[in-house]
file final_12.txt (compact mmCIF, C-alpha atoms)
# COMPACT_ATOMS: atom_id res chain seq x y z
CA MET X 1017 -8.91 -4.11 -50.72
CA GLY X 1018 -6.79 -7.29 -50.47
CA GLN X 1019 -3.63 -5.26 -51.00
CA THR X 1020 -4.52 -2.83 -48.21
CA ALA X 1021 -5.11 -5.69 -45.78
CA SER X 1022 -1.77 -7.18 -46.74
CA ILE X 1023 0.02 -3.89 -46.05
CA GLU X 1024 -1.64 -3.59 -42.62
CA VAL X 1025 -0.47 -7.03 -41.59
CA GLU X 1026 3.05 -6.46 -42.84
CA THR X 1027 3.51 -3.05 -41.21
CA GLU X 1028 1.64 -3.50 -37.93
CA GLU X 1029 2.25 -7.10 -36.85
CA PRO X 1030 6.06 -7.15 -37.18
CA ALA X 1031 6.19 -3.90 -35.22
CA ALA X 1032 4.08 -5.52 -32.53
CA GLY X 1033 6.40 -8.48 -32.40
CA LYS X 1034 9.45 -6.26 -32.01
CA ALA X 1035 7.85 -3.76 -29.66
CA SER X 1036 9.87 -3.05 -26.57
CA GLY X 1037 8.40 -3.34 -23.08
CA SER X 1038 7.78 0.40 -22.96
CA GLN X 1039 5.95 0.35 -26.31
CA THR X 1040 3.75 -2.50 -25.13
CA LEU X 1041 3.02 -0.62 -21.90
CA MET X 1042 2.06 2.52 -23.83
CA ARG X 1043 -0.26 0.51 -26.06
CA GLY X 1044 -1.90 -1.04 -23.03
CA LEU X 1045 -2.46 2.42 -21.57
CA ASP X 1046 -3.94 3.53 -24.90
CA VAL X 1047 -6.44 0.68 -24.64
CA ILE X 1048 -7.52 1.88 -21.19
CA ASP X 1049 -7.78 5.51 -22.39
CA ALA X 1050 -9.94 4.44 -25.33
CA LEU X 1051 -12.56 3.02 -22.96
CA ILE X 1052 -12.93 6.06 -20.70
CA ASP X 1053 -16.14 7.15 -22.44
CA GLY X 1054 -17.76 3.71 -22.35
CA PRO X 1055 -17.62 0.09 -23.55
CA LEU X 1056 -16.40 -0.80 -27.04
CA PRO X 1057 -16.53 -4.07 -28.98
CA LEU X 1058 -13.27 -5.42 -30.32
CA ALA X 1059 -13.80 -4.11 -33.87
CA GLU X 1060 -14.44 -0.52 -32.74
CA LEU X 1061 -11.64 -0.62 -30.19
CA SER X 1062 -9.24 -1.88 -32.83
CA GLU X 1063 -10.30 0.88 -35.23
CA ARG X 1064 -9.95 3.60 -32.62
CA LEU X 1065 -6.47 2.42 -31.67
CA GLU X 1066 -5.46 1.91 -35.30
CA LEU X 1067 -4.23 -1.58 -34.49
CA THR X 1068 -5.09 -4.95 -35.97
CA ARG X 1069 -7.79 -6.95 -34.23
CA SER X 1070 -5.32 -9.64 -33.21
CA THR X 1071 -3.00 -7.11 -31.54
CA THR X 1072 -5.91 -5.33 -29.86
CA HIS X 1073 -7.32 -8.62 -28.61
CA ARG X 1074 -3.94 -9.66 -27.22
CA LEU X 1075 -3.51 -6.37 -25.33
CA ALA X 1076 -7.09 -6.36 -24.05
CA ALA X 1077 -6.92 -9.99 -22.93
CA ALA X 1078 -3.80 -9.25 -20.85
CA LEU X 1079 -5.56 -6.29 -19.22
CA VAL X 1080 -8.65 -8.40 -18.49
CA ASP X 1081 -6.39 -10.97 -16.84
CA ARG X 1082 -5.09 -8.23 -14.51
CA ARG X 1083 -8.66 -6.95 -13.88
CA LEU X 1084 -7.82 -3.58 -15.43
CA LEU X 1085 -10.49 -4.32 -18.04
CA SER X 1086 -13.66 -6.42 -18.06
CA PHE X 1087 -15.33 -8.12 -21.02
CA ARG X 1088 -19.09 -8.28 -21.50
CA PRO X 1089 -20.29 -10.38 -24.46
CA ARG X 1090 -22.98 -7.93 -25.63
CA GLU X 1091 -21.07 -4.71 -24.93
CA GLY X 1092 -17.41 -5.48 -25.45
CA TYR X 1093 -14.56 -4.25 -23.28
CA THR X 1094 -15.07 -1.92 -20.29
CA LEU X 1095 -12.87 -0.50 -17.56
CA GLY X 1096 -12.24 -3.10 -14.86
CA PRO X 1097 -12.61 -3.23 -11.06
CA LYS X 1098 -8.87 -2.98 -10.44
CA LEU X 1099 -8.98 0.64 -11.61
CA LEU X 1100 -11.48 1.41 -8.84
CA GLU X 1101 -9.11 -0.09 -6.28
CA LEU X 1102 -6.17 1.88 -7.66
CA GLY X 1103 -8.18 5.09 -7.74
CA HIS X 1104 -9.24 4.68 -4.13
CA ALA X 1105 -5.70 3.87 -3.04
CA ALA X 1106 -4.31 6.85 -4.95
CA SER X 1107 -6.91 9.15 -3.40
CA GLN X 1108 -6.02 7.94 0.09
CA GLN X 1109 -2.30 8.30 -0.45
CA MET X 1110 -2.49 11.73 -2.09
CA HIS X 1111 -4.42 13.51 0.64
CA LEU X 1112 -3.44 11.42 3.64
CA PRO X 1113 0.04 12.98 4.14
CA ARG X 1114 -1.39 16.49 3.88
CA ILE X 1115 -4.01 15.81 6.54
CA ALA X 1116 -1.62 13.92 8.78
CA ARG X 1117 1.36 16.27 8.57
CA PRO X 1118 0.36 18.74 11.34
CA TRP X 1119 -0.28 15.86 13.73
CA LEU X 1120 3.02 14.21 12.81
CA GLU X 1121 4.90 17.44 13.49
CA HIS X 1122 3.10 17.88 16.81
CA LEU X 1123 3.86 14.29 17.80
CA SER X 1124 7.54 14.70 16.94
CA ALA X 1125 7.80 17.93 18.91
CA GLN X 1126 5.97 16.36 21.82
CA THR X 1127 8.21 13.29 21.99
CA GLU X 1128 11.44 14.73 20.48
CA ASP X 1129 11.63 11.52 18.45
CA THR X 1130 11.28 10.55 14.78
CA VAL X 1131 7.74 10.04 13.52
CA HIS X 1132 6.65 8.00 10.50
CA LEU X 1133 3.44 7.68 8.51
CA GLY X 1134 2.95 4.59 6.35
CA VAL X 1135 0.41 2.50 4.46
CA LEU X 1136 0.10 -1.15 3.52
CA ASP X 1137 1.66 -1.94 0.14
CA GLY X 1138 1.36 -5.63 -0.61
CA HIS X 1139 3.29 -7.45 2.12
CA HIS X 1140 5.28 -4.34 3.07
CA ALA X 1141 4.82 -1.01 4.81
CA LEU X 1142 5.27 1.94 2.46
CA TYR X 1143 6.59 5.07 4.21
CA LEU X 1144 4.69 8.17 3.05
CA ASP X 1145 6.09 10.77 5.46
CA LYS X 1146 8.78 11.22 8.09
CA VAL X 1147 9.43 13.95 10.64
CA ALA X 1148 12.90 13.80 12.20
CA GLY X 1149 13.21 14.14 15.97
CA ARG X 1150 15.44 16.50 17.92
CA ARG X 1151 17.72 13.76 19.21
CA ARG X 1152 20.90 13.05 17.26
CA ILE X 1153 19.80 9.61 16.16
CA ASN X 1154 19.94 8.23 12.65
CA ILE X 1155 16.81 6.26 11.82
CA GLY X 1156 17.42 4.25 8.65
CA SER X 1157 14.25 5.08 6.72
CA SER X 1158 13.34 7.28 3.76
CA LEU X 1159 10.14 8.37 2.04
CA GLY X 1160 8.98 5.87 -0.53
CA GLU X 1161 10.84 2.98 1.10
CA ARG X 1162 9.08 -0.31 1.75
CA HIS X 1163 9.84 -2.16 4.99
CA PRO X 1164 8.79 -5.63 6.19
CA ILE X 1165 5.49 -5.85 8.00
CA ALA X 1166 6.58 -8.46 10.54
CA SER X 1167 9.61 -6.61 11.91
CA THR X 1168 8.33 -3.02 12.05
CA GLY X 1169 5.98 -1.52 14.61
CA LEU X 1170 4.29 0.52 11.89
CA GLY X 1171 3.83 -2.61 9.79
CA LYS X 1172 2.26 -4.55 12.64
CA ALA X 1173 -0.12 -1.66 13.36
CA LEU X 1174 -1.29 -1.80 9.74
CA ILE X 1175 -2.51 -5.40 10.09
CA LEU X 1176 -4.00 -5.38 13.59
CA ASP X 1177 -7.51 -6.01 12.25
CA LYS X 1178 -6.54 -8.94 10.06
CA SER X 1179 -7.05 -12.59 10.95
CA GLU X 1180 -4.38 -14.84 12.42
CA PRO X 1181 -3.97 -16.81 9.16
CA GLU X 1182 -3.36 -13.49 7.41
CA TRP X 1183 -0.80 -12.53 10.05
CA THR X 1184 1.03 -15.76 9.27
CA GLU X 1185 1.20 -14.78 5.59
CA PHE X 1186 2.76 -11.44 6.52
CA TYR X 1187 5.27 -13.15 8.78
CA ALA X 1188 6.67 -15.26 5.96
CA PRO X 1189 5.63 -13.76 2.60
CA ASP X 1190 6.39 -15.66 -0.60
CA GLY X 1191 6.76 -18.91 1.33
CA LYS X 1192 10.12 -18.01 2.84
CA ALA X 1193 11.55 -20.30 5.52
CA PHE X 1194 11.09 -19.27 9.14
CA ASP X 1195 11.80 -20.36 12.68
CA SER X 1196 8.54 -21.83 14.00
CA THR X 1197 9.40 -20.93 17.61
CA ALA X 1198 10.11 -17.29 16.67
CA ARG X 1199 6.88 -17.15 14.70
CA ALA X 1200 4.91 -18.48 17.67
CA VAL X 1201 6.33 -15.69 19.85
CA TRP X 1202 5.51 -13.13 17.17
CA LEU X 1203 1.92 -14.37 16.86
CA GLU X 1204 1.47 -14.22 20.61
CA ARG X 1205 2.63 -10.60 20.60
CA MET X 1206 0.32 -9.81 17.69
CA ARG X 1207 -2.65 -11.12 19.66
CA GLY X 1208 -1.78 -8.73 22.46
CA TYR X 1209 -1.22 -5.82 20.08
CA SER X 1210 -4.54 -6.47 18.36
CA THR X 1211 -6.39 -6.42 21.68
CA LYS X 1212 -4.70 -3.23 22.88
CA GLY X 1213 -4.78 -1.32 19.58
CA TYR X 1214 -1.08 -0.55 19.19
CA ALA X 1215 2.17 -2.32 18.27
CA PHE X 1216 5.87 -2.28 19.16
CA ASP X 1217 9.14 -2.75 17.30
CA LEU X 1218 11.57 -4.19 19.84
CA GLU X 1219 14.76 -3.77 17.82
CA GLU X 1220 13.40 -6.22 15.26
CA ASN X 1221 13.85 -4.08 12.17
CA GLU X 1222 16.94 -2.06 13.09
CA ASP X 1223 19.48 -2.75 15.82
CA GLN X 1224 19.14 -0.51 18.89
CA ILE X 1225 15.98 1.15 17.52
CA ARG X 1226 12.58 0.74 19.15
CA CYS X 1227 9.21 2.17 18.19
CA VAL X 1228 5.58 2.47 19.21
CA ALA X 1229 2.92 2.49 16.47
CA ALA X 1230 -0.85 2.86 16.19
CA PRO X 1231 -3.33 2.49 13.31
CA VAL X 1232 -5.08 5.29 11.45
CA ARG X 1233 -8.65 4.56 10.37
CA GLY X 1234 -10.76 5.86 7.50
CA VAL X 1235 -14.38 6.90 7.49
CA ASP X 1236 -15.48 3.26 7.32
CA GLY X 1237 -13.44 2.33 10.38
CA LYS X 1238 -10.93 0.25 8.44
CA ILE X 1239 -7.20 0.73 8.95
CA VAL X 1240 -5.82 2.90 6.12
CA ALA X 1241 -2.43 3.86 7.56
CA ALA X 1242 -0.32 3.82 10.72
CA VAL X 1243 1.80 6.26 12.72
CA SER X 1244 4.92 5.39 14.68
CA VAL X 1245 7.40 7.06 17.02
CA SER X 1246 10.95 5.67 16.78
CA SER X 1247 14.05 6.30 18.86
CA ALA X 1248 17.20 4.70 20.17
CA ALA X 1249 16.68 1.92 22.69
CA GLN X 1250 18.36 4.05 25.40
CA TYR X 1251 15.42 6.47 25.17
CA MET X 1252 12.84 3.72 24.82
CA SER X 1253 12.65 1.86 28.11
CA ASP X 1254 9.70 -0.45 28.61
CA ALA X 1255 8.12 2.14 30.90
CA ARG X 1256 8.45 4.95 28.37
CA MET X 1257 7.09 2.78 25.56
CA ALA X 1258 4.05 2.03 27.71
CA GLU X 1259 3.54 5.78 28.24
CA LEU X 1260 3.94 6.48 24.53
CA THR X 1261 1.14 4.10 23.59
CA VAL X 1262 -1.35 6.72 24.76
CA THR X 1263 0.45 9.60 23.02
CA VAL X 1264 0.84 7.78 19.71
CA THR X 1265 -2.70 6.37 19.77
CA ASP X 1266 -4.11 9.85 20.46
CA ALA X 1267 -2.24 11.23 17.43
CA ALA X 1268 -3.39 8.37 15.21
CA ASN X 1269 -6.98 8.87 16.35
CA ALA X 1270 -6.77 12.60 15.66
CA ILE X 1271 -5.70 11.89 12.07
CA SER X 1272 -8.48 9.29 11.82
CA ARG X 1273 -11.09 11.85 12.89
CA ASP X 1274 -9.80 14.28 10.26
CA LEU X 1275 -10.32 11.51 7.70
CA GLY X 1276 -13.95 11.18 8.79
CA TRP X 1277 -13.70 8.35 11.33
CA SER X 1278 -15.96 8.40 14.37
CA PRO X 1279 -15.06 6.01 17.18
CA LYS X 1280 -17.84 3.78 18.47
CA PRO X 1281 -19.15 4.59 21.97
call {"tool": "encode", "arguments": {"input": "final_12.txt", "output": "C-alpha cells"}}
result
Amino acid sequence: MGQTASIEVETEEPAAGKASGSQTLMRGLDVIDALIDGPLPLAELSERLELTRSTTHRLAAALVDRRLLSFRPREGYTLGPKLLELGHAASQQMHLPRIARPWLEHLSAQTEDTVHLGVLDGHHALYLDKVAGRRRINIGSSLGERHPIASTGLGKALILDKSEPEWTEFYAPDGKAFDSTARAVWLERMRGYSTKGYAFDLEENEDQIRCVAAPVRGVDGKIVAAVSVSSAAQYMSDARMAELTVTVTDAANAISRDLGWSPKP
C-alpha cells in the first residue's frame, strides 16, 4: 500500500510540475467534463480523473476562481455560472449571423454600401459578418476582427443602453490616457445617440470612412448585436447619413423581431 502511494506521487506530481500550458488546459477541461453528470467531492473527482488529490484540488481551485466551477461544502464541485454565460453567448453568436444574413444582404443592396454585423466582446466590437457593397471602396475590416468601441459606429450602437460611467470605461479601457476635451465631446455625442437609438462613425476609426449603426435587440429587449452601413466620406454627407438612420434602424429592428423582440407601443 505504502509503495503504491509512493509510485503515484513520483509519477504523477513531477509530470504535473512539468506539464506544458496545453496539458494543463486539457486537464482543466477534463475536470469540467467530469462534472457534467453532477457534483463530485474532491476524492471522487480525483479518482475519476486518475490524478492525485493535490493536483485535482489545484486545477479545481483555479476553475472556481474563474467561475467555471462552484464549490459546495456538502456536495463538492459543480459546474459554475460562467459556463451559463458562455453557453448563452455561444448560442447567440451561432444563430445570429444566420438569422441576420438576409437582412444584411438586403441592406447592402439597398444602400450599395458595406454592411457589418457585430457583437460586444469585452471592450471591443467583434465582427461576425460582412457584406461588401457595390462601390469600389476598401473597408478595412474582416470577420473575427475586434475593433474599438469608442471609435466605431457599430461599437457605439452596442453600448447605447449602458450608463454614462460605463461609457467612460469603454472610451478609455485599461486605464489608458485620453484627452479630456475629446472625451467630453464623445460623451455628448453618445447622449444624443442614446436618445435617438443610432450611432455614427465620423471618420474616427478609419480615415475617410463614415458609418451609420443601429442596435439589434434580443427577446428580452437587451442589445445583443449591432448593424452598420459604411462607405467613403464622399458618399456619406451629413444629409445622407441622416437619411440612412431610418434605413439602418429598420434593418436592425427586422433582425430583432426575428430574434423574438417585440417593440413596446
call {"tool": "closest_residue", "arguments": {"input": "final_12.txt", "among": "X:Ala1229, X:Val1147, X:Leu1142, X:Val1240", "to": "Asp1177 (chain X)", "atoms": "all atoms listed in the file"}}
result
X:Val1240
call {"tool": "residues_around", "arguments": {"input": "final_12.txt", "residues": "Arg1226 (chain X)", "least_positions_apart": "6", "cutoff": "9 Å", "atoms": "only C-alpha atoms", "output": "MDAnalysis selection string"}}
result
chainID X and resid 1169 1216:1220 1245:1249 1251:1252 1257
call {"tool": "residues_around", "arguments": {"input": "final_12.txt", "residues": "Ser1278 (chain X)", "least_positions_apart": "2", "cutoff": "8 Å", "atoms": "only C-alpha atoms", "output": "PyMOL selection string"}}
result
chain X and resi 1235+1237+1272-1273+1276+1280
call {"tool": "closest_residue", "arguments": {"input": "final_12.txt", "among": "X:Ala1105, X:Val1047, X:Ala1230, X:Ile1052", "to": "Arg1074 (chain X)", "atoms": "all atoms listed in the file"}}
result
X:Val1047
call {"tool": "atom_distance", "arguments": {"input": "final_12.txt", "atom1": "CA of Asp1254 (chain X)", "atom2": "CA of Arg1233 (chain X)"}}
result
26.4 Å
call {"tool": "decode", "arguments": {"input": "final_12.txt", "residues": "region 1134-1269 of chain X", "atoms": "C-alpha atoms", "output": "short mmCIF file (atom, residue, chain, number, x, y, z; two decimals), in the first residue's frame"}}
result
data_model
loop_
_atom_site.label_atom_id
_atom_site.label_comp_id
_atom_site.auth_asym_id
_atom_site.auth_seq_id
_atom_site.Cartn_x
_atom_site.Cartn_y
_atom_site.Cartn_z
CA GLY X 1134 -21.06 42.71 -34.71
CA VAL X 1135 -21.41 41.89 -31.03
CA LEU X 1136 -19.84 43.17 -27.83
CA ASP X 1137 -16.69 41.26 -26.86
CA GLY X 1138 -15.19 42.73 -23.71
CA HIS X 1139 -14.28 46.33 -24.53
CA HIS X 1140 -14.31 45.72 -28.28
CA ALA X 1141 -16.76 45.09 -31.11
CA LEU X 1142 -16.37 41.63 -32.63
CA TYR X 1143 -17.33 41.49 -36.32
CA LEU X 1144 -19.45 38.41 -37.06
CA ASP X 1145 -20.45 39.12 -40.67
CA LYS X 1146 -19.74 41.50 -43.53
CA VAL X 1147 -21.46 42.09 -46.86
CA ALA X 1148 -19.39 44.13 -49.31
CA GLY X 1149 -21.07 46.99 -51.16
CA ARG X 1150 -21.12 47.64 -54.89
CA ARG X 1151 -18.89 50.70 -54.68
CA ARG X 1152 -15.16 50.23 -55.24
CA ILE X 1153 -14.23 51.10 -51.69
CA ASN X 1154 -11.93 49.14 -49.43
CA ILE X 1155 -13.28 48.96 -45.89
CA GLY X 1156 -10.53 47.73 -43.58
CA SER X 1157 -12.44 45.06 -41.65
CA SER X 1158 -12.57 41.26 -41.62
CA LEU X 1159 -14.70 38.61 -39.94
CA GLY X 1160 -13.46 37.78 -36.48
CA GLU X 1161 -11.69 41.11 -36.04
CA ARG X 1162 -12.16 43.15 -32.89
CA HIS X 1163 -12.42 46.93 -33.20
CA PRO X 1164 -12.53 49.65 -30.52
CA ILE X 1165 -15.94 50.53 -29.17
CA ALA X 1166 -15.31 54.26 -28.85
CA SER X 1167 -14.24 54.91 -32.44
CA THR X 1168 -16.67 52.71 -34.39
CA GLY X 1169 -20.32 53.39 -35.11
CA LEU X 1170 -21.12 49.72 -34.60
CA GLY X 1171 -19.32 49.75 -31.26
CA LYS X 1172 -21.20 52.80 -30.03
CA ALA X 1173 -24.52 51.23 -31.05
CA LEU X 1174 -23.67 48.18 -28.92
CA ILE X 1175 -23.46 50.28 -25.73
CA LEU X 1176 -26.33 52.73 -26.22
CA ASP X 1177 -28.24 51.30 -23.25
CA LYS X 1178 -25.33 51.45 -20.84
CA SER X 1179 -24.80 54.14 -18.22
CA GLU X 1180 -22.54 57.15 -18.66
CA PRO X 1181 -19.91 55.78 -16.22
CA GLU X 1182 -19.83 52.62 -18.33
CA TRP X 1183 -19.42 54.68 -21.49
CA THR X 1184 -16.38 56.30 -19.88
CA GLU X 1185 -14.85 52.85 -19.30
CA PHE X 1186 -15.31 52.00 -22.98
CA TYR X 1187 -13.76 55.29 -24.01
CA ALA X 1188 -10.50 54.55 -22.21
CA PRO X 1189 -10.29 50.82 -21.43
CA ASP X 1190 -7.44 49.53 -19.27
CA GLY X 1191 -6.86 53.00 -17.84
CA LYS X 1192 -5.24 54.37 -20.99
CA ALA X 1193 -4.53 58.10 -21.15
CA PHE X 1194 -7.01 60.28 -23.01
CA ASP X 1195 -7.73 63.86 -23.96
CA SER X 1196 -10.40 65.08 -21.53
CA THR X 1197 -11.78 67.60 -24.04
CA ALA X 1198 -12.12 64.92 -26.74
CA ARG X 1199 -13.80 62.61 -24.26
CA ALA X 1200 -16.29 65.32 -23.29
CA VAL X 1201 -17.24 65.75 -26.96
CA TRP X 1202 -17.57 61.98 -27.34
CA LEU X 1203 -19.82 61.70 -24.28
CA GLU X 1204 -22.02 64.50 -25.55
CA ARG X 1205 -22.44 62.65 -28.85
CA MET X 1206 -23.19 59.41 -27.00
CA ARG X 1207 -26.01 61.11 -25.10
CA GLY X 1208 -27.54 62.14 -28.40
CA TYR X 1209 -27.05 58.71 -29.94
CA SER X 1210 -28.63 57.02 -26.92
CA THR X 1211 -31.70 59.25 -27.16
CA LYS X 1212 -32.12 58.72 -30.90
CA GLY X 1213 -31.32 54.99 -31.00
CA TYR X 1214 -28.48 55.01 -33.53
CA ALA X 1215 -24.80 55.96 -33.74
CA PHE X 1216 -22.30 57.41 -36.21
CA ASP X 1217 -18.64 56.88 -37.03
CA LEU X 1218 -17.38 60.23 -38.32
CA GLU X 1219 -14.03 59.05 -39.69
CA GLU X 1220 -12.98 58.14 -36.15
CA ASN X 1221 -11.94 54.55 -36.81
CA GLU X 1222 -10.68 54.77 -40.39
CA ASP X 1223 -9.70 57.85 -42.36
CA GLN X 1224 -12.27 58.93 -44.97
CA ILE X 1225 -14.76 56.24 -43.86
CA ARG X 1226 -18.08 57.06 -42.24
CA CYS X 1227 -20.84 54.78 -40.99
CA VAL X 1228 -24.33 54.67 -39.53
CA ALA X 1229 -25.14 51.93 -37.00
CA ALA X 1230 -28.14 50.72 -35.01
CA PRO X 1231 -28.60 48.14 -32.23
CA VAL X 1232 -30.15 44.70 -32.57
CA ARG X 1233 -32.20 43.52 -29.60
CA GLY X 1234 -32.99 40.07 -28.26
CA VAL X 1235 -36.26 38.71 -26.95
CA ASP X 1236 -35.69 40.43 -23.60
CA GLY X 1237 -35.18 43.82 -25.24
CA LYS X 1238 -31.48 43.98 -24.42
CA ILE X 1239 -28.94 44.89 -27.10
CA VAL X 1240 -27.30 41.69 -28.39
CA ALA X 1241 -25.65 42.98 -31.57
CA ALA X 1242 -25.47 45.94 -33.94
CA VAL X 1243 -25.65 46.57 -37.68
CA SER X 1244 -23.77 49.26 -39.57
CA VAL X 1245 -23.55 50.68 -43.09
CA SER X 1246 -20.09 52.01 -44.00
CA SER X 1247 -18.86 53.94 -47.02
CA ALA X 1248 -16.37 56.56 -48.14
CA ALA X 1249 -16.95 60.04 -46.78
CA GLN X 1250 -17.71 61.31 -50.30
CA TYR X 1251 -20.84 59.13 -50.32
CA MET X 1252 -21.70 59.91 -46.70
CA SER X 1253 -22.73 63.54 -46.49
CA ASP X 1254 -24.44 64.65 -43.31
CA ALA X 1255 -27.76 64.65 -45.16
CA ARG X 1256 -27.34 61.10 -46.44
CA MET X 1257 -26.27 59.84 -43.02
CA ALA X 1258 -29.44 61.34 -41.56
CA GLU X 1259 -31.50 59.51 -44.20
CA LEU X 1260 -29.67 56.25 -43.54
CA THR X 1261 -30.55 56.29 -39.84
CA VAL X 1262 -34.08 55.20 -40.78
CA THR X 1263 -32.89 52.55 -43.25
CA VAL X 1264 -30.32 51.04 -40.89
CA THR X 1265 -32.64 51.16 -37.87
CA ASP X 1266 -35.38 49.42 -39.86
CA ALA X 1267 -32.96 46.62 -40.78
CA ALA X 1268 -31.75 46.26 -37.20
CA ASN X 1269 -35.34 46.14 -35.95
#
